[in-house]
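**Student:** I'd like to ask you about the structure that follows.
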Amino acid sequence: MRPGTVSLVGAGPGDPELVTVKARRLLDEADAVLYDSLVPEAIRDLAPSSVERIDVGKRGDGERTTQAEINRVMVRRASAGEDLVRLKSGDPCVFGRGGEEAEHLAAAGIPVEVVPGVTSAVAGPGLAGVPATHRDHASSLTVVTGHEDPTKADSALDWDALARTVTAGGTLVILMGVGRLPDNVAALRAGGVDADTPVAMIERASRPEEFAVTGTLDSITERAREVGIDPPAVTVVGDVVSVRDRVTDALRAAGTARSSGGAVRDDPAVPTE
Ligand code: SAH
């Protein structure tokens with residue numbers, strides 16, 4: 001039997017209107033959708049009810065499904081001729097294990113297609129009025145995971161090098177960085193980044209509960225705690241954050257003018273600086 005195709009599809013940051021036209025078509029045509037826990041129901045529901053939905057975020061026992069289990073399910077079903085959509089938040093290949101899954105499927109002889117999505121690394125800041133790059137403020141963009149312990153000797157990240165990209169005027173975007181925010185801030189300070197470098201955190205970008213807070217490298221940990229930033233959130237460090245103050249009123253007006261999307265919702269008790 002001819003195997004089905006697995007499409008590694010990016011679902012975007014959460015707003016169903018930020019799902020690509022191609023992703024929508026594949027959701028329509030799939031036999032089954034395997035989705036991660038970060039993909040909101042509103043996007044899963046874009047697939048017709050006849051399409052089987054498989055939650056590969058959590059197993060029945062509440063534990064995370066292992067990557068090996070996900071790979072096995074995909075290979076078994078695709079080998080039986082099913083066309084699968086492997087739906088991941090943001091872009092499938094930005095901290096989404098899209099590359100690993102593509103390799104595994106390719107080795108098993110399963111045809112694979114990658115369908116890029118809108119990554120939270122760029123969309124999160126953008127929606128909050130922080131451009132990833134800007135001719136006057138940043139000419140480079142670095143995206144890292146904040147999940148690793150920066151003091152660990154075998155850390156895959158060189159925080160001194162990351163600090164240098166910021167002092168050189170670049171933008172640093174940290175995903176998965178809420179838990180280790182204080183450690184990552186300390187690592188950047190130790191690498192020579194100024195205490196008053198602007199920082200923004202954007203929680204649940206593009207979703208109705210989108211929430212953003214700004215501060216400086218020295219104040220952001222306290223700020224995030226005050227307003228209660230929880231994952232998923234994107235942290236952005238660099239001069240581009242200062243652009244936000246000049247566009248927030250316009251973003252707010254657009255959010256009020258339209259029924260949904262893109263509005264900036266700072267905690268009114270915590271003024272931006
Ligand atoms: N592939 C995804 C990233 C997956 S890693 C992408 O391209 O966006 C998970 C991390 O992504 C979260 O810890 C958070 O840092 C970020 N993230 C995903 N969706 C988000 C959202 N709607 N708002 C803010 N951060 C988000």
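In the structure tokens, each chain is lettered A, B, ... as it comes, each chain's residues begin at 1, and ligands are numbered from 1 in order of appearance.
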From region 64-121 of chain A, collect each residue whose DSSP state is alpha helix (DSSP H) and return the set as a ChimeraX atom specification.

**Tutor:** /A:67-79,98-107,120-121

**Student:** Kindly save the residues from that selection, with N, CA, C and O atoms included, as an mmCIF file, in the first residue's frame.

**Tutor:**
data_model
loop_
_atom_site.group_PDB
_atom_site.id
_atom_site.type_symbol
_atom_site.label_atom_id
_atom_site.label_comp_id
_atom_site.auth_asym_id
_atom_site.auth_seq_id
_atom_site.Cartn_x
_atom_site.Cartn_y
_atom_site.Cartn_z
ATOM 1 N N GLN A 67 8.299 11.667 22.580
ATOM 2 C CA GLN A 67 8.555 11.852 21.160
ATOM 3 C C GLN A 67 8.545 10.505 20.431
ATOM 4 O O GLN A 67 8.030 10.399 19.317
ATOM 5 N N ALA A 68 9.074 9.465 21.089
ATOM 6 C CA ALA A 68 9.110 8.138 20.460
ATOM 7 C C ALA A 68 7.682 7.641 20.194
ATOM 8 O O ALA A 68 7.409 7.059 19.142
ATOM 9 N N GLU A 69 6.790 7.898 21.143
ATOM 10 C CA GLU A 69 5.389 7.476 20.945
ATOM 11 C C GLU A 69 4.743 8.223 19.782
ATOM 12 O O GLU A 69 4.050 7.634 18.954
ATOM 13 N N ILE A 70 4.989 9.530 19.728
ATOM 14 C CA ILE A 70 4.414 10.325 18.632
ATOM 15 C C ILE A 70 4.945 9.807 17.295
ATOM 16 O O ILE A 70 4.182 9.605 16.342
ATOM 17 N N ASN A 71 6.251 9.564 17.237
ATOM 18 C CA ASN A 71 6.846 9.057 15.995
ATOM 19 C C ASN A 71 6.213 7.729 15.593
ATOM 20 O O ASN A 71 5.911 7.493 14.416
ATOM 21 N N ARG A 72 6.022 6.860 16.581
ATOM 22 C CA ARG A 72 5.443 5.540 16.287
ATOM 23 C C ARG A 72 4.044 5.663 15.709
ATOM 24 O O ARG A 72 3.706 5.032 14.717
ATOM 25 N N VAL A 73 3.213 6.507 16.348
ATOM 26 C CA VAL A 73 1.828 6.680 15.874
ATOM 27 C C VAL A 73 1.824 7.208 14.443
ATOM 28 O O VAL A 73 1.078 6.723 13.585
ATOM 29 N N MET A 74 2.684 8.192 14.175
ATOM 30 C CA MET A 74 2.705 8.780 12.828
ATOM 31 C C MET A 74 3.104 7.736 11.792
ATOM 32 O O MET A 74 2.472 7.624 10.743
ATOM 33 N N VAL A 75 4.146 6.959 12.107
ATOM 34 C CA VAL A 75 4.630 5.966 11.136
ATOM 35 C C VAL A 75 3.567 4.880 10.925
ATOM 36 O O VAL A 75 3.276 4.487 9.791
ATOM 37 N N ARG A 76 2.953 4.441 12.023
ATOM 38 C CA ARG A 76 1.950 3.366 11.905
ATOM 39 C C ARG A 76 0.772 3.820 11.041
ATOM 40 O O ARG A 76 0.364 3.133 10.109
ATOM 41 N N ARG A 77 0.260 5.010 11.331
ATOM 42 C CA ARG A 77 -0.921 5.468 10.610
ATOM 43 C C ARG A 77 -0.607 5.818 9.155
ATOM 44 O O ARG A 77 -1.363 5.470 8.250
ATOM 45 N N ALA A 78 0.510 6.513 8.942
ATOM 46 C CA ALA A 78 0.862 6.887 7.568
ATOM 47 C C ALA A 78 1.161 5.644 6.744
ATOM 48 O O ALA A 78 0.783 5.559 5.568
ATOM 49 N N SER A 79 1.799 4.644 7.361
ATOM 50 C CA SER A 79 2.088 3.405 6.635
ATOM 51 C C SER A 79 0.800 2.719 6.216
ATOM 52 O O SER A 79 0.758 2.018 5.194
ATOM 53 N N GLY A 98 10.146 19.901 14.579
ATOM 54 C CA GLY A 98 9.742 19.582 13.210
ATOM 55 C C GLY A 98 10.860 18.866 12.468
ATOM 56 O O GLY A 98 10.621 17.901 11.734
ATOM 57 N N GLY A 99 12.078 19.324 12.683
ATOM 58 C CA GLY A 99 13.215 18.714 12.001
ATOM 59 C C GLY A 99 13.414 17.271 12.412
ATOM 60 O O GLY A 99 13.632 16.385 11.570
ATOM 61 N N GLU A 100 13.295 17.019 13.734
ATOM 62 C CA GLU A 100 13.466 15.639 14.217
ATOM 63 C C GLU A 100 12.398 14.719 13.652
ATOM 64 O O GLU A 100 12.670 13.588 13.239
ATOM 65 N N GLU A 101 11.164 15.212 13.630
ATOM 66 C CA GLU A 101 10.073 14.372 13.133
ATOM 67 C C GLU A 101 10.232 14.124 11.633
ATOM 68 O O GLU A 101 9.996 13.017 11.148
ATOM 69 N N ALA A 102 10.656 15.152 10.900
ATOM 70 C CA ALA A 102 10.876 14.982 9.457
ATOM 71 C C ALA A 102 11.940 13.916 9.218
ATOM 72 O O ALA A 102 11.783 13.039 8.357
ATOM 73 N N GLU A 103 13.018 13.958 9.985
ATOM 74 C CA GLU A 103 14.088 12.965 9.830
ATOM 75 C C GLU A 103 13.580 11.562 10.102
ATOM 76 O O GLU A 103 13.878 10.616 9.368
ATOM 77 N N HIS A 104 12.801 11.437 11.188
ATOM 78 C CA HIS A 104 12.303 10.118 11.565
ATOM 79 C C HIS A 104 11.380 9.563 10.483
ATOM 80 O O HIS A 104 11.488 8.392 10.097
ATOM 81 N N LEU A 105 10.492 10.410 9.986
ATOM 82 C CA LEU A 105 9.539 9.965 8.968
ATOM 83 C C LEU A 105 10.263 9.625 7.668
ATOM 84 O O LEU A 105 9.964 8.615 7.016
ATOM 85 N N ALA A 106 11.229 10.452 7.318
ATOM 86 C CA ALA A 106 11.986 10.194 6.084
ATOM 87 C C ALA A 106 12.693 8.848 6.175
ATOM 88 O O ALA A 106 12.680 8.056 5.226
ATOM 89 N N ALA A 107 13.283 8.562 7.346
ATOM 90 C CA ALA A 107 13.985 7.291 7.531
ATOM 91 C C ALA A 107 13.032 6.110 7.419
ATOM 92 O O ALA A 107 13.416 5.018 7.015
ATOM 93 N N SER A 120 5.689 32.544 17.001
ATOM 94 C CA SER A 120 5.476 33.481 18.112
ATOM 95 C C SER A 120 6.716 34.337 18.353
ATOM 96 O O SER A 120 6.625 35.421 18.910
ATOM 97 N N ALA A 121 7.874 33.838 17.917
ATOM 98 C CA ALA A 121 9.122 34.572 18.143
ATOM 99 C C ALA A 121 9.094 35.935 17.458
ATOM 100 O O ALA A 121 9.683 36.900 17.944
#

**Student:** To check your reading of the model: which residues sit at most 6 Å from ligand 1 when counting only C-alpha atoms and all ligand atoms? Write the answer as a ChimeraX atom specification.

**Tutor:** /A:13-14,89-92,94-96,119-121,124,175-176,202-206,231-234

**Student:** Write the selection just made, keeping all heavy atoms, as a compact mmCIF listing (two decimals), in the first residue's frame?

**Tutor:**
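Wrote it out as again.txt, contents follow:
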# COMPACT_ATOMS: atom_id res chain seq x y z
N PRO A 13 0.47 31.49 16.25
CA PRO A 13 0.53 31.74 17.70
C PRO A 13 -0.80 31.52 18.44
O PRO A 13 -0.82 31.54 19.66
CB PRO A 13 0.96 33.20 17.79
CG PRO A 13 0.53 33.82 16.50
CD PRO A 13 0.62 32.74 15.47
N GLY A 14 -1.89 31.35 17.74
CA GLY A 14 -3.13 31.07 18.46
C GLY A 14 -4.39 31.62 17.82
O GLY A 14 -5.45 31.02 17.91
N SER A 89 2.28 24.45 17.36
CA SER A 89 2.10 25.89 17.54
C SER A 89 3.20 26.65 16.79
O SER A 89 4.30 26.14 16.58
CB SER A 89 2.15 26.25 19.03
OG SER A 89 3.47 26.21 19.49
N GLY A 90 2.85 27.85 16.37
CA GLY A 90 3.84 28.70 15.70
C GLY A 90 4.32 28.09 14.40
O GLY A 90 3.53 27.64 13.58
N ASP A 91 5.63 28.05 14.23
CA ASP A 91 6.25 27.39 13.08
C ASP A 91 6.74 26.02 13.54
O ASP A 91 7.31 25.90 14.63
CB ASP A 91 7.43 28.23 12.57
CG ASP A 91 8.05 27.60 11.33
OD1 ASP A 91 8.86 26.65 11.47
OD2 ASP A 91 7.70 28.02 10.21
N PRO A 92 6.53 24.98 12.72
CA PRO A 92 6.88 23.63 13.18
C PRO A 92 8.39 23.44 13.39
O PRO A 92 8.79 22.52 14.11
CB PRO A 92 6.37 22.72 12.05
CG PRO A 92 6.23 23.58 10.86
CD PRO A 92 5.93 24.96 11.37
N VAL A 94 10.59 25.86 14.53
CA VAL A 94 11.19 26.74 15.53
C VAL A 94 10.86 26.17 16.90
O VAL A 94 9.72 26.27 17.36
CB VAL A 94 10.66 28.19 15.41
CG1 VAL A 94 11.26 29.07 16.52
CG2 VAL A 94 10.97 28.77 14.04
N PHE A 95 11.83 25.53 17.51
CA PHE A 95 11.63 24.86 18.80
C PHE A 95 10.36 24.00 18.79
O PHE A 95 9.60 23.99 19.76
CB PHE A 95 11.61 25.86 19.96
CG PHE A 95 12.92 26.56 20.12
CD1 PHE A 95 13.03 27.93 19.93
CD2 PHE A 95 14.07 25.84 20.43
CE1 PHE A 95 14.27 28.57 20.05
CE2 PHE A 95 15.30 26.47 20.55
CZ PHE A 95 15.39 27.84 20.36
N GLY A 96 10.14 23.31 17.68
CA GLY A 96 8.94 22.49 17.56
C GLY A 96 9.24 21.05 17.19
O GLY A 96 8.33 20.27 16.92
N THR A 119 5.52 32.24 13.44
CA THR A 119 6.16 31.91 14.72
C THR A 119 5.91 32.99 15.77
O THR A 119 5.93 34.20 15.48
CB THR A 119 7.68 31.69 14.55
OG1 THR A 119 8.22 31.39 15.84
CG2 THR A 119 8.41 32.90 14.00
N SER A 120 5.69 32.54 17.00
CA SER A 120 5.48 33.48 18.11
C SER A 120 6.72 34.34 18.35
O SER A 120 6.63 35.42 18.91
CB SER A 120 5.12 32.72 19.39
OG SER A 120 6.19 31.89 19.79
N ALA A 121 7.87 33.84 17.92
CA ALA A 121 9.12 34.57 18.14
C ALA A 121 9.09 35.94 17.46
O ALA A 121 9.68 36.90 17.94
CB ALA A 121 10.31 33.76 17.63
N GLY A 124 4.77 37.51 18.27
CA GLY A 124 4.49 37.97 19.63
C GLY A 124 4.94 39.41 19.83
O GLY A 124 4.13 40.29 20.14
N LEU A 175 12.25 32.25 23.87
CA LEU A 175 11.05 31.42 24.00
C LEU A 175 11.25 30.51 25.21
O LEU A 175 12.37 30.22 25.61
CB LEU A 175 10.82 30.57 22.74
CG LEU A 175 10.64 31.33 21.42
CD1 LEU A 175 10.23 30.35 20.30
CD2 LEU A 175 9.60 32.43 21.53
N MET A 176 10.13 30.03 25.76
CA MET A 176 10.18 29.11 26.90
C MET A 176 11.02 29.71 28.04
O MET A 176 11.80 29.01 28.69
CB MET A 176 10.79 27.75 26.48
CG MET A 176 9.94 27.04 25.45
SD MET A 176 10.71 25.55 24.81
CE MET A 176 11.79 26.23 23.56
N ILE A 202 5.49 39.16 26.28
CA ILE A 202 4.16 39.09 25.69
C ILE A 202 3.61 37.70 25.95
O ILE A 202 4.17 36.71 25.48
CB ILE A 202 4.19 39.38 24.17
CG1 ILE A 202 4.88 40.72 23.91
CG2 ILE A 202 2.77 39.40 23.61
CD1 ILE A 202 6.31 40.65 23.46
N GLU A 203 2.54 37.64 26.71
CA GLU A 203 1.92 36.35 27.03
C GLU A 203 0.72 36.11 26.11
O GLU A 203 -0.05 37.03 25.85
CB GLU A 203 1.46 36.38 28.51
CG GLU A 203 0.73 35.11 28.92
CD GLU A 203 0.19 35.17 30.35
OE1 GLU A 203 0.83 35.79 31.22
OE2 GLU A 203 -0.89 34.60 30.57
N ARG A 204 0.58 34.89 25.67
CA ARG A 204 -0.57 34.47 24.85
C ARG A 204 -0.83 35.41 23.68
O ARG A 204 -1.96 35.85 23.43
CB ARG A 204 -1.83 34.35 25.71
CG ARG A 204 -1.79 33.10 26.54
CD ARG A 204 -2.81 33.06 27.65
NE ARG A 204 -2.21 32.44 28.81
CZ ARG A 204 -2.11 31.14 28.97
NH1 ARG A 204 -2.63 30.32 28.10
NH2 ARG A 204 -1.51 30.64 30.01
N ALA A 205 0.25 35.72 22.96
CA ALA A 205 0.14 36.63 21.82
C ALA A 205 -0.91 36.14 20.83
O ALA A 205 -0.99 34.94 20.56
CB ALA A 205 1.50 36.72 21.12
N SER A 206 -1.71 37.05 20.35
CA SER A 206 -2.75 36.84 19.32
C SER A 206 -3.99 36.15 19.85
O SER A 206 -4.94 35.94 19.13
CB SER A 206 -2.22 36.08 18.09
OG SER A 206 -2.32 34.67 18.25
N PRO A 231 3.47 31.17 31.30
CA PRO A 231 3.69 30.63 29.97
C PRO A 231 2.33 30.36 29.28
O PRO A 231 1.37 30.09 30.00
CB PRO A 231 4.42 29.30 30.22
CG PRO A 231 4.86 29.34 31.66
CD PRO A 231 3.95 30.27 32.37
N PRO A 232 2.26 30.41 27.96
CA PRO A 232 3.35 30.72 27.04
C PRO A 232 3.56 32.22 26.89
O PRO A 232 2.62 32.97 26.71
CB PRO A 232 2.84 30.13 25.71
CG PRO A 232 1.35 30.27 25.78
CD PRO A 232 1.01 30.11 27.23
N ALA A 233 4.81 32.61 26.97
CA ALA A 233 5.16 34.02 26.77
C ALA A 233 6.49 34.14 26.03
O ALA A 233 7.34 33.26 26.14
CB ALA A 233 5.25 34.73 28.11
N VAL A 234 6.61 35.22 25.29
CA VAL A 234 7.83 35.53 24.57
C VAL A 234 8.50 36.70 25.27
O VAL A 234 7.82 37.66 25.64
CB VAL A 234 7.49 35.97 23.12
CG1 VAL A 234 8.74 36.43 22.39
CG2 VAL A 234 6.83 34.86 22.36

**Student:** So that I can check the secondary structure, give me every residue of region 107-183 of chain A assigned strand (DSSP E) by backbone DSSP, as a VMD selection string.

**Tutor:** chain A and resid 112 to 115 141 to 145 171 to 175

**Student:** At a cut-off of 9 Å, using only C-alpha atoms, what residues contact Thr65 (chain A)? Leave out same-chain residues fewer than 6 positions from it and give the result as a ChimeraX atom specification.

**Tutor:** /A:55-59

**Student:** Counting only C-alpha atoms, which of A:Gly81, A:Gly238, A:Pro48, A:Gly179 gets nearest to Val33 (chain A)?

**Tutor:** A:Pro48

**Student:** What is the distance between CA of Ile110 (chain A) and CA of Pro40 (chain A), in Å to one decimal?

**Tutor:**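 For CA of Ile110 (chain A) relative to CA of Pro40 (chain A), the distance reads 27.3 Å.
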
**Student:** Report as a list in words all protein, DNA and RNA residues lying within 10 Å of Asp136 (chain A), evaluated on only C-alpha atoms, omitting residues in the same chain fewer than 2 positions from it.

**Tutor:**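 Near Asp136 (chain A), the qualifying residues are Thr133, His134, Ala138, Ser139, Gly169, Asp239, Val240 and Val243 of chain A.
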
**Student:** With N, CA and C atoms kept, could you save the residues just selected as a PDB file, in the first residue's frame?

**Tutor:**
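Final file, part_30.pdb:
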ATOM      1  N   THR A 133      13.006  43.662  13.927  1.00  0.00           N
ATOM      2  CA  THR A 133      14.119  44.508  13.470  1.00  0.00           C
ATOM      3  C   THR A 133      13.565  45.897  13.142  1.00  0.00           C
ATOM      4  N   HIS A 134      14.458  46.851  13.036  1.00  0.00           N
ATOM      5  CA  HIS A 134      14.040  48.233  12.768  1.00  0.00           C
ATOM      6  C   HIS A 134      15.286  48.947  12.263  1.00  0.00           C
ATOM      7  N   ALA A 138      17.610  47.886  15.335  1.00  0.00           N
ATOM      8  CA  ALA A 138      18.179  46.531  15.364  1.00  0.00           C
ATOM      9  C   ALA A 138      18.309  45.970  13.959  1.00  0.00           C
ATOM     10  N   SER A 139      19.491  45.438  13.676  1.00  0.00           N
ATOM     11  CA  SER A 139      19.721  44.843  12.361  1.00  0.00           C
ATOM     12  C   SER A 139      19.963  43.355  12.440  1.00  0.00           C
ATOM     13  N   GLY A 169      23.590  45.850  19.483  1.00  0.00           N
ATOM     14  CA  GLY A 169      22.384  46.479  18.930  1.00  0.00           C
ATOM     15  C   GLY A 169      21.388  45.508  18.338  1.00  0.00           C
ATOM     16  N   ASP A 239      16.770  47.315  22.020  1.00  0.00           N
ATOM     17  CA  ASP A 239      16.338  48.682  21.782  1.00  0.00           C
ATOM     18  C   ASP A 239      14.998  48.773  21.047  1.00  0.00           C
ATOM     19  N   VAL A 240      14.658  47.725  20.276  1.00  0.00           N
ATOM     20  CA  VAL A 240      13.387  47.749  19.526  1.00  0.00           C
ATOM     21  C   VAL A 240      12.181  47.885  20.457  1.00  0.00           C
ATOM     22  N   VAL A 243      10.344  51.146  20.663  1.00  0.00           N
ATOM     23  CA  VAL A 243       9.402  51.534  19.599  1.00  0.00           C
ATOM     24  C   VAL A 243       7.959  51.381  20.084  1.00  0.00           C
TER      25      VAL A 243
END

**Student:** Excluding Leu46 (chain A) and residues on its chain fewer than 5 positions from it, collect all residues at most 8 Å away from it, counting only C-alpha atoms, and give them as a list in words.

**Tutor:**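 Surrounding residues, per the criterion: Arg24, Leu27 and Asp28 of chain A.
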
**Student:** Mind pulling up the distance from CA of Val236 (chain A) to CA of Thr171 (chain A)?

**Tutor:** 7.0 Å
